[in-house]
Structure formats: structure tokens, C-alpha cells
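Text of start33.txt (compact mmCIF, N, CA and C atoms) as supplied:
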```
# COMPACT_ATOMS: atom_id res chain seq x y z
N MET A 21 -9.64 12.78 9.99
CA MET A 21 -9.91 11.63 9.13
C MET A 21 -10.43 10.48 10.00
N PRO A 22 -11.45 9.79 9.52
CA PRO A 22 -12.02 8.70 10.32
C PRO A 22 -11.16 7.43 10.27
N LEU A 23 -11.29 6.63 11.32
CA LEU A 23 -10.67 5.31 11.36
C LEU A 23 -11.67 4.30 10.80
N ILE A 24 -11.25 3.53 9.81
CA ILE A 24 -12.12 2.56 9.14
C ILE A 24 -11.57 1.16 9.34
N LYS A 25 -12.43 0.25 9.83
CA LYS A 25 -12.04 -1.15 9.97
C LYS A 25 -11.94 -1.75 8.57
N VAL A 26 -10.78 -2.36 8.26
CA VAL A 26 -10.59 -2.88 6.90
C VAL A 26 -10.35 -4.39 6.85
N ALA A 27 -9.93 -5.00 7.96
CA ALA A 27 -9.63 -6.44 7.94
C ALA A 27 -9.38 -6.91 9.36
N LYS A 28 -9.22 -8.22 9.48
CA LYS A 28 -8.82 -8.86 10.74
C LYS A 28 -7.32 -9.12 10.68
N VAL A 29 -6.66 -9.00 11.82
CA VAL A 29 -5.21 -9.22 11.90
C VAL A 29 -4.83 -10.59 11.35
N GLU A 30 -5.61 -11.62 11.67
CA GLU A 30 -5.26 -12.98 11.23
C GLU A 30 -5.35 -13.17 9.71
N GLU A 31 -5.98 -12.24 9.01
CA GLU A 31 -6.06 -12.29 7.55
C GLU A 31 -4.81 -11.74 6.86
N PHE A 32 -3.88 -11.18 7.65
CA PHE A 32 -2.71 -10.52 7.08
C PHE A 32 -1.39 -11.01 7.66
N PRO A 33 -1.03 -12.27 7.37
CA PRO A 33 0.31 -12.73 7.78
C PRO A 33 1.38 -12.01 6.96
N PRO A 34 2.63 -12.04 7.39
CA PRO A 34 3.71 -11.39 6.63
C PRO A 34 3.70 -11.81 5.15
N GLY A 35 3.88 -10.81 4.29
CA GLY A 35 3.90 -11.04 2.85
C GLY A 35 2.56 -10.85 2.17
N THR A 36 1.50 -10.62 2.94
CA THR A 36 0.16 -10.45 2.38
C THR A 36 -0.02 -9.03 1.85
N LYS A 37 -0.72 -8.92 0.73
CA LYS A 37 -1.09 -7.61 0.16
C LYS A 37 -2.47 -7.74 -0.46
N LYS A 38 -3.31 -6.73 -0.23
CA LYS A 38 -4.66 -6.73 -0.79
C LYS A 38 -5.10 -5.30 -1.07
N SER A 39 -5.88 -5.16 -2.12
CA SER A 39 -6.55 -3.90 -2.42
C SER A 39 -7.88 -3.93 -1.69
N ILE A 40 -8.14 -2.90 -0.90
CA ILE A 40 -9.32 -2.86 -0.04
C ILE A 40 -9.98 -1.49 -0.14
N LYS A 41 -11.30 -1.48 -0.15
CA LYS A 41 -12.06 -0.21 -0.13
C LYS A 41 -12.24 0.19 1.34
N ALA A 42 -11.73 1.36 1.69
CA ALA A 42 -11.85 1.90 3.05
C ALA A 42 -12.62 3.21 2.95
N SER A 43 -13.89 3.17 3.29
CA SER A 43 -14.78 4.30 3.10
C SER A 43 -14.82 4.61 1.61
N LYS A 44 -14.42 5.80 1.18
CA LYS A 44 -14.43 6.14 -0.25
C LYS A 44 -13.05 6.02 -0.88
N THR A 45 -12.09 5.50 -0.13
CA THR A 45 -10.70 5.43 -0.59
C THR A 45 -10.28 3.98 -0.80
N ARG A 46 -9.77 3.66 -2.00
CA ARG A 46 -9.22 2.32 -2.23
C ARG A 46 -7.76 2.37 -1.81
N ILE A 47 -7.37 1.43 -0.93
CA ILE A 47 -6.01 1.37 -0.41
C ILE A 47 -5.36 0.05 -0.75
N LEU A 48 -4.05 0.02 -0.66
CA LEU A 48 -3.28 -1.21 -0.70
C LEU A 48 -2.82 -1.45 0.73
N LEU A 49 -3.27 -2.54 1.33
CA LEU A 49 -2.86 -2.92 2.68
C LEU A 49 -1.86 -4.05 2.56
N VAL A 50 -0.69 -3.89 3.20
CA VAL A 50 0.36 -4.91 3.12
C VAL A 50 0.92 -5.20 4.50
N ASN A 51 1.36 -6.44 4.66
CA ASN A 51 2.13 -6.82 5.83
C ASN A 51 3.55 -7.07 5.33
N ALA A 52 4.43 -6.13 5.62
CA ALA A 52 5.83 -6.23 5.21
C ALA A 52 6.67 -6.49 6.45
N GLY A 53 7.19 -7.70 6.56
CA GLY A 53 8.05 -8.03 7.68
C GLY A 53 7.35 -8.00 9.03
N GLY A 54 6.07 -8.29 9.06
CA GLY A 54 5.33 -8.31 10.31
C GLY A 54 4.73 -6.98 10.72
N ARG A 55 4.89 -5.95 9.89
CA ARG A 55 4.29 -4.64 10.16
C ARG A 55 3.29 -4.31 9.06
N LEU A 56 2.21 -3.67 9.45
CA LEU A 56 1.15 -3.34 8.50
C LEU A 56 1.29 -1.91 8.00
N TYR A 57 1.08 -1.74 6.69
CA TYR A 57 1.17 -0.44 6.04
C TYR A 57 0.01 -0.29 5.06
N ALA A 58 -0.44 0.95 4.89
CA ALA A 58 -1.49 1.25 3.91
C ALA A 58 -1.01 2.38 3.01
N THR A 59 -1.17 2.18 1.70
CA THR A 59 -0.82 3.19 0.71
C THR A 59 -1.98 3.31 -0.28
N GLN A 60 -1.88 4.30 -1.16
CA GLN A 60 -2.84 4.34 -2.26
C GLN A 60 -2.67 3.06 -3.06
N SER A 61 -3.70 2.66 -3.75
CA SER A 61 -3.68 1.35 -4.41
C SER A 61 -3.14 1.37 -5.84
N LEU A 62 -2.97 2.56 -6.42
CA LEU A 62 -2.54 2.66 -7.81
C LEU A 62 -1.15 3.29 -7.92
N CYS A 63 -0.37 2.78 -8.86
CA CYS A 63 0.94 3.35 -9.15
C CYS A 63 0.77 4.81 -9.59
N THR A 64 1.68 5.66 -9.17
CA THR A 64 1.59 7.08 -9.53
C THR A 64 2.08 7.35 -10.94
N HIS A 65 2.65 6.36 -11.61
CA HIS A 65 3.14 6.54 -12.98
C HIS A 65 1.98 6.50 -13.96
N LEU A 66 1.31 5.35 -14.07
CA LEU A 66 0.20 5.22 -15.03
C LEU A 66 -1.04 4.59 -14.40
N SER A 67 -1.18 4.71 -13.08
CA SER A 67 -2.37 4.23 -12.36
C SER A 67 -2.61 2.73 -12.47
N ASN A 68 -1.54 1.95 -12.60
CA ASN A 68 -1.68 0.49 -12.59
C ASN A 68 -1.95 0.02 -11.17
N PRO A 69 -2.87 -0.97 -10.98
CA PRO A 69 -3.12 -1.50 -9.64
C PRO A 69 -1.85 -2.15 -9.06
N LEU A 70 -1.48 -1.76 -7.86
CA LEU A 70 -0.26 -2.29 -7.25
C LEU A 70 -0.45 -3.66 -6.60
N PHE A 71 -1.70 -4.06 -6.31
CA PHE A 71 -1.88 -5.36 -5.65
C PHE A 71 -1.44 -6.52 -6.55
N THR A 72 -1.34 -6.28 -7.86
CA THR A 72 -0.89 -7.34 -8.77
C THR A 72 0.63 -7.44 -8.82
N GLY A 73 1.32 -6.45 -8.24
CA GLY A 73 2.78 -6.44 -8.24
C GLY A 73 3.36 -7.30 -7.14
N LYS A 74 4.67 -7.41 -7.14
CA LYS A 74 5.39 -8.23 -6.16
C LYS A 74 5.75 -7.41 -4.93
N LEU A 75 5.51 -7.98 -3.75
CA LEU A 75 5.96 -7.38 -2.50
C LEU A 75 7.28 -8.04 -2.14
N GLN A 76 8.33 -7.24 -2.04
CA GLN A 76 9.67 -7.75 -1.76
C GLN A 76 10.26 -6.92 -0.62
N GLY A 77 10.26 -7.48 0.59
CA GLY A 77 10.66 -6.70 1.76
C GLY A 77 9.69 -5.56 1.95
N ASN A 78 10.19 -4.32 1.99
CA ASN A 78 9.33 -3.13 2.12
C ASN A 78 8.94 -2.53 0.77
N LEU A 79 9.34 -3.17 -0.33
CA LEU A 79 9.06 -2.62 -1.65
C LEU A 79 7.87 -3.31 -2.31
N ILE A 80 6.98 -2.50 -2.87
CA ILE A 80 5.93 -3.02 -3.74
C ILE A 80 6.30 -2.59 -5.16
N TRP A 81 6.30 -3.58 -6.06
CA TRP A 81 6.69 -3.34 -7.45
C TRP A 81 5.45 -3.23 -8.32
N CYS A 82 5.41 -2.24 -9.17
CA CYS A 82 4.36 -2.13 -10.19
C CYS A 82 4.76 -3.09 -11.31
N ASP A 83 3.86 -3.99 -11.65
CA ASP A 83 4.21 -5.00 -12.66
C ASP A 83 4.00 -4.51 -14.10
N LYS A 84 3.65 -3.26 -14.27
CA LYS A 84 3.48 -2.72 -15.63
C LYS A 84 4.77 -2.11 -16.17
N HIS A 85 5.40 -1.23 -15.39
CA HIS A 85 6.62 -0.56 -15.85
C HIS A 85 7.77 -0.68 -14.85
N TRP A 86 7.61 -1.53 -13.84
CA TRP A 86 8.68 -1.88 -12.89
C TRP A 86 9.14 -0.75 -12.00
N ALA A 87 8.24 0.17 -11.70
CA ALA A 87 8.52 1.14 -10.63
C ALA A 87 8.37 0.40 -9.31
N SER A 88 9.11 0.82 -8.30
CA SER A 88 8.91 0.26 -6.97
C SER A 88 8.79 1.39 -5.97
N PHE A 89 8.04 1.10 -4.90
CA PHE A 89 7.77 2.08 -3.86
C PHE A 89 8.01 1.44 -2.49
N ASP A 90 8.52 2.24 -1.57
CA ASP A 90 8.70 1.80 -0.19
C ASP A 90 7.36 1.98 0.52
N VAL A 91 6.77 0.87 0.98
CA VAL A 91 5.45 0.96 1.61
C VAL A 91 5.49 1.65 2.97
N THR A 92 6.67 1.79 3.56
CA THR A 92 6.77 2.43 4.88
C THR A 92 6.59 3.94 4.80
N ASN A 93 6.90 4.53 3.65
CA ASN A 93 6.79 5.99 3.52
C ASN A 93 6.26 6.46 2.17
N GLY A 94 6.03 5.53 1.23
CA GLY A 94 5.48 5.87 -0.08
C GLY A 94 6.49 6.32 -1.11
N ASN A 95 7.74 6.49 -0.74
CA ASN A 95 8.75 7.00 -1.67
C ASN A 95 8.99 6.06 -2.85
N ALA A 96 9.13 6.65 -4.04
CA ALA A 96 9.50 5.88 -5.24
C ALA A 96 10.98 5.53 -5.12
N ILE A 97 11.30 4.25 -5.29
CA ILE A 97 12.68 3.79 -5.16
C ILE A 97 13.30 3.49 -6.53
N ASN A 98 12.63 2.67 -7.32
CA ASN A 98 13.07 2.37 -8.69
C ASN A 98 12.05 2.99 -9.63
N LEU A 99 12.56 3.68 -10.63
CA LEU A 99 11.69 4.42 -11.55
C LEU A 99 11.52 3.67 -12.87
N PRO A 100 10.39 3.89 -13.55
CA PRO A 100 10.23 3.32 -14.88
C PRO A 100 11.33 3.84 -15.80
N GLU A 101 11.69 3.02 -16.77
CA GLU A 101 12.75 3.42 -17.71
C GLU A 101 12.44 4.76 -18.35
N GLY A 102 13.44 5.64 -18.37
CA GLY A 102 13.30 6.94 -18.98
C GLY A 102 12.69 8.01 -18.09
N MET A 103 12.29 7.66 -16.88
CA MET A 103 11.69 8.62 -15.97
C MET A 103 12.74 9.13 -14.98
N ALA A 104 12.76 10.44 -14.76
CA ALA A 104 13.69 11.02 -13.79
C ALA A 104 13.05 11.11 -12.40
N LYS A 105 11.71 11.13 -12.36
CA LYS A 105 11.01 11.28 -11.09
C LYS A 105 9.56 10.87 -11.26
N ILE A 106 8.99 10.25 -10.23
CA ILE A 106 7.54 10.04 -10.17
C ILE A 106 7.09 10.37 -8.75
N ALA A 107 5.84 10.69 -8.62
CA ALA A 107 5.30 11.08 -7.32
C ALA A 107 5.31 9.89 -6.35
N PRO A 108 5.49 10.15 -5.08
CA PRO A 108 5.39 9.09 -4.08
C PRO A 108 3.94 8.64 -3.92
N LEU A 109 3.77 7.47 -3.32
CA LEU A 109 2.43 7.00 -2.98
C LEU A 109 1.92 7.74 -1.75
N LYS A 110 0.63 7.98 -1.70
CA LYS A 110 0.01 8.47 -0.47
C LYS A 110 0.06 7.32 0.53
N THR A 111 0.30 7.64 1.78
CA THR A 111 0.29 6.62 2.83
C THR A 111 -0.77 7.00 3.86
N TYR A 112 -1.26 5.99 4.57
CA TYR A 112 -2.31 6.19 5.55
C TYR A 112 -1.93 5.48 6.85
N PRO A 113 -2.19 6.13 8.00
CA PRO A 113 -1.87 5.49 9.28
C PRO A 113 -2.69 4.22 9.49
N VAL A 114 -2.02 3.18 10.03
CA VAL A 114 -2.65 1.90 10.32
C VAL A 114 -2.54 1.65 11.82
N ARG A 115 -3.62 1.14 12.40
CA ARG A 115 -3.62 0.78 13.82
C ARG A 115 -4.26 -0.59 13.98
N ILE A 116 -3.92 -1.23 15.09
CA ILE A 116 -4.56 -2.48 15.47
C ILE A 116 -5.49 -2.16 16.64
N ASP A 117 -6.74 -2.58 16.52
CA ASP A 117 -7.73 -2.39 17.58
C ASP A 117 -8.28 -3.77 17.93
N GLY A 118 -7.69 -4.40 18.94
CA GLY A 118 -8.06 -5.78 19.28
C GLY A 118 -7.61 -6.69 18.16
N SER A 119 -8.55 -7.34 17.50
CA SER A 119 -8.21 -8.22 16.36
C SER A 119 -8.48 -7.54 15.02
N ASP A 120 -8.84 -6.26 15.05
CA ASP A 120 -9.17 -5.52 13.83
C ASP A 120 -8.01 -4.65 13.36
N ILE A 121 -7.88 -4.54 12.03
CA ILE A 121 -6.95 -3.58 11.43
C ILE A 121 -7.79 -2.38 11.02
N VAL A 122 -7.39 -1.20 11.49
CA VAL A 122 -8.12 0.02 11.14
C VAL A 122 -7.14 0.98 10.46
N VAL A 123 -7.66 1.73 9.51
CA VAL A 123 -6.85 2.65 8.72
C VAL A 123 -7.51 4.03 8.77
N GLU A 124 -6.69 5.06 8.91
CA GLU A 124 -7.18 6.43 8.91
C GLU A 124 -7.12 6.95 7.47
N VAL A 125 -8.31 7.20 6.90
CA VAL A 125 -8.42 7.64 5.51
C VAL A 125 -9.30 8.88 5.42
N PRO A 126 -9.15 9.64 4.33
CA PRO A 126 -10.02 10.80 4.16
C PRO A 126 -11.48 10.39 3.98
N GLU A 127 -12.39 11.29 4.33
CA GLU A 127 -13.82 10.99 4.14
C GLU A 127 -14.22 11.15 2.71
```

Would you kindly transcribe this structure into C-alpha cells?
Amino acid sequence: MPLIKVAKVEEFPPGTKKSIKASKTRILLVNAGGRLYATQSLCTHLSNPLFTGKLQGNLIWCDKHWASFDVTNGNAINLPEGMAKIAPLKTYPVRIDGSDIVVEVPE
């Protein structure tokens, strides 16, 4: 998988989250507690954009049905009402290259 430059480090202080196009993959890039993480950008429940949700510690909340996911590993933590299970988010490796944030995504 190629490394794609997606942003500058100074654009992502703690608590920042943005939906970004990285090659052909739309990702959610977040700074949770001073560490950068990249996940798929849509909730696995009903494909709601996650960038509109609240970032709380390592959790990103879907603001449509209140599912939450751990951005460090993609695991679903809180499920929508009536759901026993939902798929985890895809996660992508993030690296810092000088002042650039690069993400490894599929071609």
C-alpha cells in the first residue's frame, strides 16, 4: 500500500478530526491525545460520516445512531440501540515524515 501525504502536522492539534481523501480512499484523520490515527470515514452501521460526530478521548461518536468506535484500533465500543454487533472501522497506519502526515492506504 502506498504512503499518501494527507496534511501538515501543525494542522492537527489534539482534538482535531477531518475527513480527507487519500488517493482513492476517504479517511477520517484524528489527533486523539496527541497521537494521530486514520480510520475509514463512514460509520459501519449506516454509512454516516464520522467527521460530524464528537471526538471524546479515543472515541469517535456517530451522531446519527450514537455508535462509538475506538480510533486506535477501530473496534465498536457503544452500539446503536437494538444492535448486538457492528463491524469495526478499517484503520490505516499513520506516520510523520518531517512536517507531513502520511497515511498508508490501498491503491

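Remark: residues at most 7 Å from position (10.4, 3.1, -15.3) in file coordinates are His85, Trp86, Ala87, Asn98, Leu99, Pro100, Glu101, Gly102 and Met103 of chain A, using all atoms listed in the file.
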
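When all atoms listed in the file are used to compute distances to A:Leu109, the closest of the residues A:Gln60, A:Asn68, A:Asn78, A:Thr92 turns out to be A:Gln60.
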
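Here the question is which of A:Leu79, A:Leu70, A:Ala27, A:Ile97 gets nearest to A:Leu48 using all atoms listed in the file, and that residue is A:Leu70.
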
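Atom N of A:Lys28 is found 9.0 Å from atom C of A:Gly118.
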
Edge lengths and centre in Å to one decimal, as lines of an AutoDock Vina configuration file, is what I'm after for the box along x, y and z that holds all listed atoms of stretch 88-96 of chain A once 3 Å is added on each side.
```
center_x = 8.2
center_y = 3.6
center_z = -1.7
size_x = 11.5
size_y = 12.7
size_z = 19.2
```

Close residues, A:Ile80 itself excluded, 6 Å, all atoms listed in the file, min 5 positions apart in chain, as number ranges by chain: A: 73-75, 87-91

Residues of stretch 24-98 of chain A in strand (DSSP E or B), written as an MDAnalysis selection string: chainID A and resid 24:28 37:42 45:52 55:60 62 69 75:76 79:81 88:90 96:98

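The neighbours of stretch 23-25 of chain A here are the residues that come within 8 Å of it, using all atoms listed in the file and leaving out any residue fewer than 3 positions away in the same chain; they are A:Lys28, A:Lys41, A:Ala42, A:Ser43, A:Asp120, A:Ile121, A:Val122, A:Val123, A:Glu124, A:Val125, A:Pro126.
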
Long-range neighbours of A:Pro34 as a VMD selection string, 10 Å cut-off, only C-alpha atoms, 4 positions minimum in chain: chain A and resid 50 to 56 77

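When the distance limit is 7 Å and only C-alpha atoms are what count, the residues near A:Thr111, minus those fewer than 6 positions from it on the same chain, are Ala58, Thr59, Gln60, Asn93 and Gly94 of chain A.
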
Computed interatomic separation between atom N of A:Arg46 and atom C of A:Ala104 (Å): 26.2 Å

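Nearest to A:Phe71 of all the residues A:Ala107, A:Lys38, A:Phe32, A:Ala96 is A:Lys38, based on all atoms listed in the file.
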